[in-house]
file my_file.txt (compact mmCIF, C-alpha atoms)
# COMPACT_ATOMS: atom_id res chain seq x y z
CA MET A 1 2.12 2.34 44.78
CA LYS A 2 0.60 0.04 47.40
CA THR A 3 1.52 -3.43 48.62
CA GLU A 4 -1.04 -5.95 49.88
CA VAL A 5 -1.44 -9.71 50.03
CA TYR A 6 -3.61 -11.09 47.22
CA GLY A 7 -3.93 -14.79 46.52
CA GLY A 8 -1.34 -15.53 49.19
CA HIS A 9 1.32 -13.40 47.46
CA LEU A 10 2.62 -10.01 48.51
CA THR A 11 1.40 -7.93 45.58
CA ALA A 12 2.43 -4.44 44.53
CA TRP A 13 -0.27 -2.48 42.74
CA ARG A 14 -1.00 1.01 41.52
CA ALA A 15 -4.06 3.05 40.59
CA TRP A 16 -4.85 5.82 38.13
CA PRO A 17 -7.87 7.96 39.13
CA GLY A 18 -10.85 8.34 36.85
CA GLY A 19 -14.33 7.08 36.66
CA PRO A 20 -17.03 6.04 37.02
CA GLY A 21 -16.01 2.72 35.42
CA ARG A 22 -13.53 0.27 36.94
CA ALA A 23 -10.81 -1.38 34.86
CA LEU A 24 -8.32 -3.94 36.16
CA LEU A 25 -5.24 -4.37 33.93
CA VAL A 26 -2.96 -7.42 33.89
CA HIS A 27 0.49 -7.03 32.33
CA CYS A 28 2.63 -9.40 30.26
CA SER A 29 5.52 -11.66 31.25
CA LEU A 30 8.76 -9.77 31.92
CA GLY A 31 6.75 -6.54 32.32
CA HIS A 32 5.28 -4.63 35.28
CA SER A 33 2.14 -2.71 36.15
CA GLY A 34 3.62 0.63 35.09
CA ALA A 35 3.48 -0.54 31.47
CA TRP A 36 -0.23 0.38 31.52
CA ARG A 37 0.37 4.09 32.21
CA GLY A 38 -0.36 5.17 28.63
CA VAL A 39 -3.51 3.11 28.25
CA ALA A 40 -4.76 4.20 31.68
CA GLY A 41 -4.31 7.81 30.63
CA GLN A 42 -6.57 7.24 27.64
CA LEU A 43 -9.25 5.73 29.90
CA ALA A 44 -9.14 8.42 32.61
CA GLU A 45 -12.37 10.11 31.49
CA THR A 46 -14.40 6.96 31.91
CA HIS A 47 -12.51 4.60 34.23
CA GLU A 48 -10.49 4.31 37.38
CA CYS A 49 -7.70 1.89 36.43
CA ARG A 50 -5.80 -0.47 38.71
CA ALA A 51 -2.88 -2.70 37.78
CA PHE A 52 -0.67 -5.05 39.77
CA ASP A 53 2.73 -6.68 39.43
CA LEU A 54 2.64 -10.42 38.75
CA PRO A 55 4.69 -12.71 41.03
CA GLY A 56 8.38 -12.29 40.20
CA HIS A 57 7.74 -8.98 38.44
CA GLY A 58 8.08 -5.35 39.45
CA ARG A 59 7.82 -4.91 43.21
CA SER A 60 5.74 -8.00 43.98
CA ASP A 61 7.25 -10.94 45.82
CA PRO A 62 9.56 -13.24 43.81
CA TRP A 63 7.97 -16.32 42.30
CA ASP A 64 8.79 -19.29 44.54
CA GLY A 65 8.20 -21.89 41.83
CA ALA A 66 5.53 -23.67 43.85
CA GLY A 67 2.34 -24.65 42.05
CA VAL A 68 1.23 -23.17 38.73
CA LEU A 69 2.12 -19.55 37.94
CA GLN A 70 -1.17 -18.75 36.22
CA ASP A 71 -3.07 -20.08 39.27
CA ALA A 72 -1.26 -17.50 41.39
CA VAL A 73 -2.05 -14.69 38.95
CA CYS A 74 -5.73 -15.66 38.82
CA ALA A 75 -5.79 -15.63 42.63
CA GLN A 76 -4.36 -12.10 42.56
CA ILE A 77 -7.06 -11.01 40.11
CA ARG A 78 -9.85 -12.49 42.21
CA GLY A 79 -8.46 -10.86 45.35
CA MET A 80 -8.22 -7.44 43.76
CA ILE A 81 -11.75 -7.64 42.36
CA ALA A 82 -13.06 -8.79 45.77
CA ASP A 83 -11.52 -5.67 47.36
CA TRP A 84 -13.12 -3.49 44.68
CA THR A 85 -16.65 -3.87 43.27
CA ALA A 86 -17.57 -6.54 40.74
CA PRO A 87 -18.09 -6.65 37.88
CA VAL A 88 -15.02 -4.88 36.48
CA ASP A 89 -13.75 -4.37 32.98
CA LEU A 90 -10.84 -6.79 32.76
CA ILE A 91 -7.94 -6.03 30.42
CA GLY A 92 -4.93 -8.31 29.89
CA HIS A 93 -1.87 -8.43 27.67
CA SER A 94 0.00 -11.56 26.53
CA PHE A 95 0.37 -13.93 29.53
CA GLY A 96 -1.74 -11.52 31.57
CA ALA A 97 -4.48 -11.91 28.98
CA THR A 98 -4.43 -15.70 29.41
CA ALA A 99 -5.20 -15.25 33.10
CA ALA A 100 -7.88 -12.65 32.34
CA LEU A 101 -9.53 -15.05 29.89
CA ARG A 102 -9.50 -17.83 32.47
CA ILE A 103 -11.21 -15.58 35.04
CA ALA A 104 -13.83 -14.48 32.53
CA ALA A 105 -14.51 -18.07 31.48
CA THR A 106 -14.77 -19.53 34.98
CA ALA A 107 -16.17 -16.58 36.95
CA PRO A 108 -18.15 -14.50 34.40
CA LYS A 109 -20.03 -12.57 37.11
CA LEU A 110 -16.75 -10.81 37.94
CA VAL A 111 -16.29 -9.37 34.42
CA ARG A 112 -18.45 -6.76 32.68
CA ARG A 113 -16.37 -6.51 29.50
CA LEU A 114 -13.18 -8.29 28.52
CA VAL A 115 -10.19 -7.00 26.54
CA LEU A 116 -7.50 -9.48 25.46
CA ILE A 117 -4.38 -8.02 23.84
CA GLU A 118 -2.41 -10.75 22.04
CA PRO A 119 -3.17 -13.54 24.56
CA VAL A 120 -0.54 -16.27 24.34
CA PHE A 121 -3.06 -19.08 24.89
CA PHE A 122 -1.89 -21.23 21.99
CA THR A 123 -4.09 -24.29 22.51
CA PRO A 124 -7.19 -23.00 20.67
CA ALA A 125 -4.99 -21.92 17.76
CA TYR A 126 -3.41 -25.38 17.59
CA ILE A 127 -6.86 -26.99 17.52
CA ALA A 128 -8.17 -24.61 14.87
CA ASN A 129 -5.08 -24.80 12.65
CA PRO A 130 -2.88 -27.89 13.02
CA ALA A 131 -0.58 -26.60 10.26
CA TYR A 132 0.19 -23.56 12.42
CA ARG A 133 0.97 -25.85 15.35
CA ASP A 134 3.53 -27.71 13.23
CA ARG A 135 5.19 -24.43 12.21
CA GLN A 136 5.19 -23.17 15.77
CA MET A 137 6.90 -26.30 17.08
CA VAL A 138 9.76 -25.68 14.65
CA GLU A 139 10.00 -21.93 15.26
CA SER A 140 9.89 -22.18 19.04
CA ALA A 141 12.46 -24.99 19.24
CA PRO A 142 15.43 -22.70 20.08
CA ILE A 143 13.55 -21.21 23.05
CA ASP A 144 12.23 -24.60 24.18
CA THR A 145 15.65 -26.23 24.00
CA ALA A 146 17.35 -23.42 25.90
CA LEU A 147 14.69 -23.49 28.63
CA GLU A 148 14.98 -27.27 28.98
CA ARG A 149 18.73 -26.83 29.51
CA ASN A 150 18.19 -23.91 31.91
CA ASP A 151 20.29 -21.82 29.55
CA PHE A 152 18.29 -18.73 30.39
CA ARG A 153 20.50 -16.17 28.67
CA THR A 154 20.13 -17.92 25.31
CA ALA A 155 16.42 -18.39 25.97
CA ALA A 156 16.01 -14.68 26.70
CA GLN A 157 17.68 -13.68 23.44
CA ALA A 158 15.46 -16.02 21.41
CA PHE A 159 12.29 -15.09 23.30
CA LEU A 160 12.69 -11.33 23.06
CA LYS A 161 13.39 -11.49 19.35
CA ASP A 162 9.72 -12.30 18.70
CA TRP A 163 7.92 -11.34 21.89
CA GLY A 164 9.88 -8.31 23.09
CA GLY A 165 9.61 -4.64 22.33
CA GLY A 166 11.79 -4.69 19.22
CA GLU A 167 15.07 -3.59 20.83
CA PRO A 168 17.96 -5.81 19.69
CA TRP A 169 19.62 -7.86 22.43
CA GLU A 170 22.98 -6.27 21.64
CA ALA A 171 21.53 -2.80 22.26
CA MET A 172 20.40 -3.67 25.79
CA SER A 173 22.54 -2.83 28.80
CA GLU A 174 24.15 -5.64 30.76
CA PRO A 175 21.76 -5.09 33.71
CA GLN A 176 18.80 -5.40 31.32
CA GLN A 177 20.18 -8.59 29.81
CA THR A 178 20.81 -10.01 33.27
CA GLN A 179 17.33 -9.15 34.48
CA PHE A 180 15.58 -10.67 31.46
CA SER A 181 17.72 -13.81 31.75
CA ALA A 182 16.87 -14.13 35.45
CA GLN A 183 13.15 -13.90 34.66
CA MET A 184 13.13 -16.65 32.03
CA PRO A 185 12.06 -19.32 34.56
CA LEU A 186 8.77 -17.38 34.64
CA ILE A 187 8.41 -17.96 30.89
CA LYS A 188 9.11 -21.65 31.48
CA ALA A 189 6.46 -21.68 34.24
CA ALA A 190 3.86 -20.21 31.89
CA TYR A 191 4.21 -22.96 29.28
CA VAL A 192 1.95 -25.41 31.11
CA THR A 193 -1.08 -23.12 30.80
CA ASN A 194 -0.17 -21.32 27.56
CA ASN A 195 -0.11 -24.71 25.86
CA GLY A 196 -2.65 -26.50 28.04
CA ASP A 197 -6.29 -26.15 29.07
CA PRO A 198 -6.47 -24.69 32.60
CA ASP A 199 -9.75 -25.43 34.38
CA ARG A 200 -10.77 -27.20 31.13
CA ILE A 201 -12.00 -23.87 29.81
CA LEU A 202 -11.86 -25.27 26.28
CA ALA A 203 -12.79 -28.91 26.82
CA ASP A 204 -15.78 -28.12 29.04
CA GLY A 205 -17.00 -25.25 26.87
CA HIS A 206 -16.49 -22.42 29.37
CA ILE A 207 -15.07 -20.10 26.69
CA ALA A 208 -17.85 -20.93 24.25
CA ARG A 209 -20.45 -19.99 26.90
CA MET A 210 -18.92 -16.58 27.66
CA ALA A 211 -21.53 -13.89 27.06
CA MET A 212 -19.71 -10.66 27.97
CA PRO A 213 -18.60 -8.44 25.07
CA THR A 214 -14.97 -9.23 24.26
CA LEU A 215 -12.40 -7.20 22.35
CA LEU A 216 -9.35 -8.95 20.90
CA ILE A 217 -6.42 -6.73 19.90
CA ASP A 218 -3.29 -7.61 17.93
CA GLY A 219 -0.56 -5.72 16.11
CA SER A 220 -0.11 -5.92 12.36
CA GLU A 221 3.62 -6.68 12.77
CA SER A 222 3.25 -9.26 15.56
CA PRO A 223 4.31 -12.92 15.34
CA GLU A 224 2.04 -15.30 13.45
CA GLY A 225 0.93 -16.86 16.71
CA SER A 226 -0.72 -13.64 17.87
CA HIS A 227 -3.00 -13.56 14.83
CA GLU A 228 -3.75 -17.28 15.02
CA VAL A 229 -4.76 -17.06 18.68
CA VAL A 230 -7.04 -14.03 18.37
CA THR A 231 -8.71 -15.53 15.30
CA ALA A 232 -9.32 -18.84 17.09
CA LEU A 233 -10.74 -17.07 20.14
CA ARG A 234 -12.91 -14.78 18.01
CA ASP A 235 -14.46 -17.88 16.48
CA LEU A 236 -15.06 -19.41 19.93
CA ILE A 237 -16.43 -16.43 21.84
CA ALA A 238 -20.00 -15.52 20.88
CA ASN A 239 -19.71 -11.76 21.36
CA ALA A 240 -16.13 -11.05 20.26
CA LYS A 241 -14.43 -8.87 17.68
CA ILE A 242 -10.83 -8.23 16.58
CA GLU A 243 -9.08 -4.87 16.16
CA THR A 244 -5.60 -4.71 14.63
CA VAL A 245 -3.23 -1.83 15.43
CA GLN A 246 -1.27 -1.02 12.30
CA GLY A 247 2.50 -0.91 12.60
CA ALA A 248 2.51 -2.47 16.06
CA GLY A 249 4.24 -5.59 17.32
CA HIS A 250 3.57 -7.73 20.37
CA MET A 251 4.16 -4.90 22.86
CA VAL A 252 1.30 -2.93 21.32
CA PRO A 253 -0.17 -1.53 24.59
CA VAL A 254 3.21 0.05 25.35
CA SER A 255 4.52 1.01 21.91
CA HIS A 256 1.11 2.17 20.65
CA ALA A 257 -0.59 3.12 23.90
CA ASP A 258 -2.65 5.95 22.41
CA GLU A 259 -4.10 3.81 19.63
CA THR A 260 -4.68 0.86 21.95
CA GLY A 261 -6.26 3.02 24.63
CA THR A 262 -8.56 4.68 22.12
CA LEU A 263 -9.80 1.29 20.89
CA ILE A 264 -10.39 0.11 24.45
CA LYS A 265 -12.13 3.33 25.51
CA SER A 266 -14.53 3.10 22.57
CA PHE A 267 -15.25 -0.56 23.29
CA LEU A 268 -15.84 -0.14 27.02
CA GLY A 269 -18.19 2.78 26.51
call {"tool": "encode", "arguments": {"input": "my_file.txt", "output": "structure tokens"}}
result
Amino acid sequence: MKTEVYGGHLTAWRAWPGGPGRALLVHCSLGHSGAWRGVAGQLAETHECRAFDLPGHGRSDPWDGAGVLQDAVCAQIRGMIADWTAPVDLIGHSFGATAALRIAATAPKLVRRLVLIEPVFFTPAYIANPAYRDRQMVESAPIDTALERNDFRTAAQAFLKDWGGGEPWEAMSEPQQTQFSAQMPLIKAAYVTNNGDPDRILADGHIARMAMPTLLIDGSESPEGSHEVVTALRDLIANAKIETVQGAGHMVPVSHADETGTLIKSFLG
């Protein structure tokens, strides 16, 4: 594992050899770059894969709370691509997928093909389906209230119930519970872009003008929001398609790495 400064943040990153393609992978909130090991193994025949730890995750520098978290992640992505050779195949999961989408929409020359695994960019889903937005406001209220009160332990329990890997809170060790609770300010920091319109990628039509082939992946057992978001994005992006991994939840690239990697390998070609 290497450590370099990207986007002004000390960034830990790792690589899996392969080739001749180049794939940059961006992990989810509360995760780390090692979560991509299984998918990278599936791509080894065709791609060298690189992945980095987001601020406040893995071995990268802690998040200092200054500015917008997604801005920092996008700066990391741009820095890593600049040190490599553009265009790359860009693959993101959950919050990482929101940053990958933003890069593809605002700097399309950097991205050959785009893979978004359950991106938590809720705004297009709210626009496409106001009834879903109303349901989501009710269902997310326990997390929102706990975050507003800085009650991060309660927020972590509520958040992981829907967006975690399926392990009950009570089954986690105390160090795991403590770590997840300590990282909940990162979830709070992501709300502004998950529920907003960074760089006006929606309002100014950047997403609608994206021309690169795009693969959207969700799990059949994932929260309603995952399906709503990928459907809304599929309808916005001209050259997009959806693949659903049966039996998988939100952590599909980890829990179903072989199936996910096979879909991505076939799509990237």
call {"tool": "closest_atom_pairs", "arguments": {"input": "my_file.txt", "of": "region 89-169 of chain A", "to": "region 237-252 of chain A", "cutoff": "8 Å", "atoms": "only C-alpha atoms", "output": "Markdown table"}}
result
| residue | atom | partner | partner_atom | distance |
| --- | --- | --- | --- | --- |
| A:Glu118 | CA | A:His250 | CA | 6.9 |
| A:Asp162 | CA | A:His250 | CA | 7.8 |
| A:Trp163 | CA | A:His250 | CA | 5.9 |
| A:Gly164 | CA | A:Met251 | CA | 6.7 |
| A:Gly165 | CA | A:Met251 | CA | 5.5 |
| A:Gly166 | CA | A:Gly249 | CA | 7.8 |
call {"tool": "write_last_selection", "arguments": {"input": "my_file.txt", "atoms": "C-alpha atoms", "output": "mmCIF file, keeping the file's coordinate frame"}}
result
data_model
loop_
_atom_site.group_PDB
_atom_site.id
_atom_site.type_symbol
_atom_site.label_atom_id
_atom_site.label_comp_id
_atom_site.auth_asym_id
_atom_site.auth_seq_id
_atom_site.Cartn_x
_atom_site.Cartn_y
_atom_site.Cartn_z
ATOM 1 C CA GLU A 118 -2.410 -10.750 22.040
ATOM 2 C CA ASP A 162 9.720 -12.300 18.700
ATOM 3 C CA TRP A 163 7.920 -11.340 21.890
ATOM 4 C CA GLY A 164 9.880 -8.310 23.090
ATOM 5 C CA GLY A 165 9.610 -4.640 22.330
ATOM 6 C CA GLY A 166 11.790 -4.690 19.220
#
call {"tool": "residues_around", "arguments": {"input": "my_file.txt", "residues": "Val111 (chain A)", "least_positions_apart": "3", "cutoff": "12 Å", "atoms": "all atoms listed in the file", "output": "ChimeraX atom specification"}}
result
/A:22-24,77-78,81-82,85-91,100-108,114-115,210-214,268
call {"tool": "residues_near_point", "arguments": {"input": "my_file.txt", "point": "(-3.8, -8.2, 30.4)", "cutoff": "8 Å", "atoms": "all atoms listed in the file", "output": "MDAnalysis selection string"}}
result
chainID A and resid 25:28 90:100 115:117 119
call {"tool": "write_last_selection", "arguments": {"input": "my_file.txt", "atoms": "C-alpha atoms", "output": "short mmCIF file (atom, residue, chain, number, x, y, z; two decimals), keeping the file's coordinate frame"}}
result
data_model
loop_
_atom_site.label_atom_id
_atom_site.label_comp_id
_atom_site.auth_asym_id
_atom_site.auth_seq_id
_atom_site.Cartn_x
_atom_site.Cartn_y
_atom_site.Cartn_z
CA LEU A 25 -5.24 -4.37 33.93
CA VAL A 26 -2.96 -7.42 33.89
CA HIS A 27 0.49 -7.03 32.33
CA CYS A 28 2.63 -9.40 30.26
CA LEU A 90 -10.84 -6.79 32.76
CA ILE A 91 -7.94 -6.03 30.42
CA GLY A 92 -4.93 -8.31 29.89
CA HIS A 93 -1.87 -8.43 27.67
CA SER A 94 0.00 -11.56 26.53
CA PHE A 95 0.37 -13.93 29.53
CA GLY A 96 -1.74 -11.52 31.57
CA ALA A 97 -4.48 -11.91 28.98
CA THR A 98 -4.43 -15.70 29.41
CA ALA A 99 -5.20 -15.25 33.10
CA ALA A 100 -7.88 -12.65 32.34
CA VAL A 115 -10.19 -7.00 26.54
CA LEU A 116 -7.50 -9.48 25.46
CA ILE A 117 -4.38 -8.02 23.84
CA PRO A 119 -3.17 -13.54 24.56
#
call {"tool": "residues_around", "arguments": {"input": "my_file.txt", "residues": "Ala155 (chain A)", "least_positions_apart": "6", "cutoff": "8 Å", "atoms": "all atoms listed in the file", "output": "PDB file with C-alpha atoms, keeping the file's coordinate frame"}}
result
ATOM      1  CA  PRO A 142      15.430 -22.700  20.080  1.00  0.00           C
ATOM      2  CA  ILE A 143      13.550 -21.210  23.050  1.00  0.00           C
ATOM      3  CA  ASP A 144      12.230 -24.600  24.180  1.00  0.00           C
ATOM      4  CA  ALA A 146      17.350 -23.420  25.900  1.00  0.00           C
ATOM      5  CA  LEU A 147      14.690 -23.490  28.630  1.00  0.00           C
ATOM      6  CA  SER A 181      17.720 -13.810  31.750  1.00  0.00           C
ATOM      7  CA  MET A 184      13.130 -16.650  32.030  1.00  0.00           C
TER       8      MET A 184
END
call {"tool": "atom_distance", "arguments": {"input": "my_file.txt", "atom1": "CA of Glu4 (chain A)", "atom2": "CA of Pro175 (chain A)"}}
result
28.0 Å
call {"tool": "closest_residue", "arguments": {"input": "my_file.txt", "among": "A:Leu43, A:Ala75, A:Met1, A:Val138", "to": "Thr260 (chain A)", "atoms": "all atoms listed in the file"}}
result
A:Leu43
call {"tool": "residues_near_point", "arguments": {"input": "my_file.txt", "point": "(13.7, -12.6, 36.3)", "cutoff": "12 Å", "atoms": "all atoms listed in the file", "output": "JSON, numbers by chain"}}
result
{"A": [29, 30, 31, 32, 54, 55, 56, 57, 58, 59, 60, 61, 62, 63, 64, 152, 153, 156, 175, 176, 177, 178, 179, 180, 181, 182, 183, 184, 185, 186, 187, 188, 189]}
call {"tool": "write_last_selection", "arguments": {"input": "my_file.txt", "atoms": "C-alpha atoms", "output": "PDB file, keeping the file's coordinate frame"}}
result
ATOM      1  CA  SER A  29       5.520 -11.660  31.250  1.00  0.00           C
ATOM      2  CA  LEU A  30       8.760  -9.770  31.920  1.00  0.00           C
ATOM      3  CA  GLY A  31       6.750  -6.540  32.320  1.00  0.00           C
ATOM      4  CA  HIS A  32       5.280  -4.630  35.280  1.00  0.00           C
ATOM      5  CA  LEU A  54       2.640 -10.420  38.750  1.00  0.00           C
ATOM      6  CA  PRO A  55       4.690 -12.710  41.030  1.00  0.00           C
ATOM      7  CA  GLY A  56       8.380 -12.290  40.200  1.00  0.00           C
ATOM      8  CA  HIS A  57       7.740  -8.980  38.440  1.00  0.00           C
ATOM      9  CA  GLY A  58       8.080  -5.350  39.450  1.00  0.00           C
ATOM     10  CA  ARG A  59       7.820  -4.910  43.210  1.00  0.00           C
ATOM     11  CA  SER A  60       5.740  -8.000  43.980  1.00  0.00           C
ATOM     12  CA  ASP A  61       7.250 -10.940  45.820  1.00  0.00           C
ATOM     13  CA  PRO A  62       9.560 -13.240  43.810  1.00  0.00           C
ATOM     14  CA  TRP A  63       7.970 -16.320  42.300  1.00  0.00           C
ATOM     15  CA  ASP A  64       8.790 -19.290  44.540  1.00  0.00           C
ATOM     16  CA  PHE A 152      18.290 -18.730  30.390  1.00  0.00           C
ATOM     17  CA  ARG A 153      20.500 -16.170  28.670  1.00  0.00           C
ATOM     18  CA  ALA A 156      16.010 -14.680  26.700  1.00  0.00           C
ATOM     19  CA  PRO A 175      21.760  -5.090  33.710  1.00  0.00           C
ATOM     20  CA  GLN A 176      18.800  -5.400  31.320  1.00  0.00           C
ATOM     21  CA  GLN A 177      20.180  -8.590  29.810  1.00  0.00           C
ATOM     22  CA  THR A 178      20.810 -10.010  33.270  1.00  0.00           C
ATOM     23  CA  GLN A 179      17.330  -9.150  34.480  1.00  0.00           C
ATOM     24  CA  PHE A 180      15.580 -10.670  31.460  1.00  0.00           C
ATOM     25  CA  SER A 181      17.720 -13.810  31.750  1.00  0.00           C
ATOM     26  CA  ALA A 182      16.870 -14.130  35.450  1.00  0.00           C
ATOM     27  CA  GLN A 183      13.150 -13.900  34.660  1.00  0.00           C
ATOM     28  CA  MET A 184      13.130 -16.650  32.030  1.00  0.00           C
ATOM     29  CA  PRO A 185      12.060 -19.320  34.560  1.00  0.00           C
ATOM     30  CA  LEU A 186       8.770 -17.380  34.640  1.00  0.00           C
ATOM     31  CA  ILE A 187       8.410 -17.960  30.890  1.00  0.00           C
ATOM     32  CA  LYS A 188       9.110 -21.650  31.480  1.00  0.00           C
ATOM     33  CA  ALA A 189       6.460 -21.680  34.240  1.00  0.00           C
TER      34      ALA A 189
END
call {"tool": "closest_residue", "arguments": {"input": "my_file.txt", "among": "A:Gly38, A:Gly269, A:Gly225, A:Gly8", "to": "Phe121 (chain A)", "atoms": "only C-alpha atoms"}}
result
A:Gly225
call {"tool": "atom_distance", "arguments": {"input": "my_file.txt", "atom1": "CA of Asp83 (chain A)", "atom2": "CA of Tyr6 (chain A)"}}
result
9.6 Å
call {"tool": "atom_distance", "arguments": {"input": "my_file.txt", "atom1": "CA of Ala128 (chain A)", "atom2": "CA of Ile201 (chain A)"}}
result
15.4 Å
call {"tool": "residues_around", "arguments": {"input": "my_file.txt", "residues": "Trp169 (chain A)", "least_positions_apart": "4", "cutoff": "8 Å", "atoms": "only C-alpha atoms", "output": "ChimeraX atom specification"}}
result
/A:157,160-161,177
call {"tool": "closest_residue", "arguments": {"input": "my_file.txt", "among": "A:Ala35, A:Ala66, A:Ala15, A:Ile127", "to": "Val254 (chain A)", "atoms": "only C-alpha atoms"}}
result
A:Ala35
call {"tool": "build_atoms", "arguments": {"input": "my_file.txt", "residues": "region 53-66 of chain A", "atoms": "N, CA, C and O atoms", "output": "mmCIF file, in the frame of the given file"}}
result
data_model
loop_
_atom_site.group_PDB
_atom_site.id
_atom_site.type_symbol
_atom_site.label_atom_id
_atom_site.label_comp_id
_atom_site.auth_asym_id
_atom_site.auth_seq_id
_atom_site.Cartn_x
_atom_site.Cartn_y
_atom_site.Cartn_z
ATOM 1 N N ASP A 53 1.558 -5.959 39.897
ATOM 2 C CA ASP A 53 2.730 -6.680 39.430
ATOM 3 C C ASP A 53 2.541 -8.183 39.668
ATOM 4 O O ASP A 53 2.228 -8.603 40.786
ATOM 5 N N LEU A 54 2.727 -8.970 38.619
ATOM 6 C CA LEU A 54 2.640 -10.420 38.750
ATOM 7 C C LEU A 54 3.745 -10.934 39.676
ATOM 8 O O LEU A 54 4.749 -10.252 39.887
ATOM 9 N N PRO A 55 3.608 -12.146 40.237
ATOM 10 C CA PRO A 55 4.690 -12.710 41.030
ATOM 11 C C PRO A 55 6.005 -12.727 40.226
ATOM 12 O O PRO A 55 6.018 -13.077 39.051
ATOM 13 N N GLY A 56 7.089 -12.304 40.874
ATOM 14 C CA GLY A 56 8.380 -12.290 40.200
ATOM 15 C C GLY A 56 8.579 -11.109 39.287
ATOM 16 O O GLY A 56 9.579 -11.051 38.550
ATOM 17 N N HIS A 57 7.670 -10.155 39.311
ATOM 18 C CA HIS A 57 7.740 -8.980 38.440
ATOM 19 C C HIS A 57 7.621 -7.711 39.290
ATOM 20 O O HIS A 57 6.963 -7.711 40.337
ATOM 21 N N GLY A 58 8.216 -6.645 38.786
ATOM 22 C CA GLY A 58 8.080 -5.350 39.450
ATOM 23 C C GLY A 58 8.459 -5.436 40.915
ATOM 24 O O GLY A 58 9.523 -5.950 41.282
ATOM 25 N N ARG A 59 7.556 -4.955 41.769
ATOM 26 C CA ARG A 59 7.820 -4.910 43.210
ATOM 27 C C ARG A 59 7.057 -5.964 43.990
ATOM 28 O O ARG A 59 7.042 -5.939 45.224
ATOM 29 N N SER A 60 6.396 -6.883 43.290
ATOM 30 C CA SER A 60 5.740 -8.000 43.980
ATOM 31 C C SER A 60 6.788 -9.009 44.445
ATOM 32 O O SER A 60 7.945 -8.977 44.018
ATOM 33 N N ASP A 61 6.343 -9.909 45.318
ATOM 34 C CA ASP A 61 7.250 -10.940 45.820
ATOM 35 C C ASP A 61 7.812 -11.780 44.672
ATOM 36 O O ASP A 61 7.141 -11.983 43.651
ATOM 37 N N PRO A 62 9.027 -12.312 44.812
ATOM 38 C CA PRO A 62 9.560 -13.240 43.810
ATOM 39 C C PRO A 62 8.659 -14.470 43.686
ATOM 40 O O PRO A 62 7.943 -14.832 44.626
ATOM 41 N N TRP A 63 8.708 -15.073 42.514
ATOM 42 C CA TRP A 63 7.970 -16.320 42.300
ATOM 43 C C TRP A 63 8.761 -17.450 42.947
ATOM 44 O O TRP A 63 9.943 -17.650 42.654
ATOM 45 N N ASP A 64 8.087 -18.234 43.821
ATOM 46 C CA ASP A 64 8.790 -19.290 44.540
ATOM 47 C C ASP A 64 8.824 -20.612 43.790
ATOM 48 O O ASP A 64 9.431 -21.588 44.254
ATOM 49 N N GLY A 65 8.182 -20.674 42.629
ATOM 50 C CA GLY A 65 8.200 -21.890 41.830
ATOM 51 C C GLY A 65 7.226 -22.944 42.280
ATOM 52 O O GLY A 65 7.133 -24.007 41.657
ATOM 53 N N ALA A 66 6.475 -22.675 43.335
ATOM 54 C CA ALA A 66 5.530 -23.670 43.850
ATOM 55 C C ALA A 66 4.196 -23.534 43.119
ATOM 56 O O ALA A 66 3.685 -22.435 42.926
#
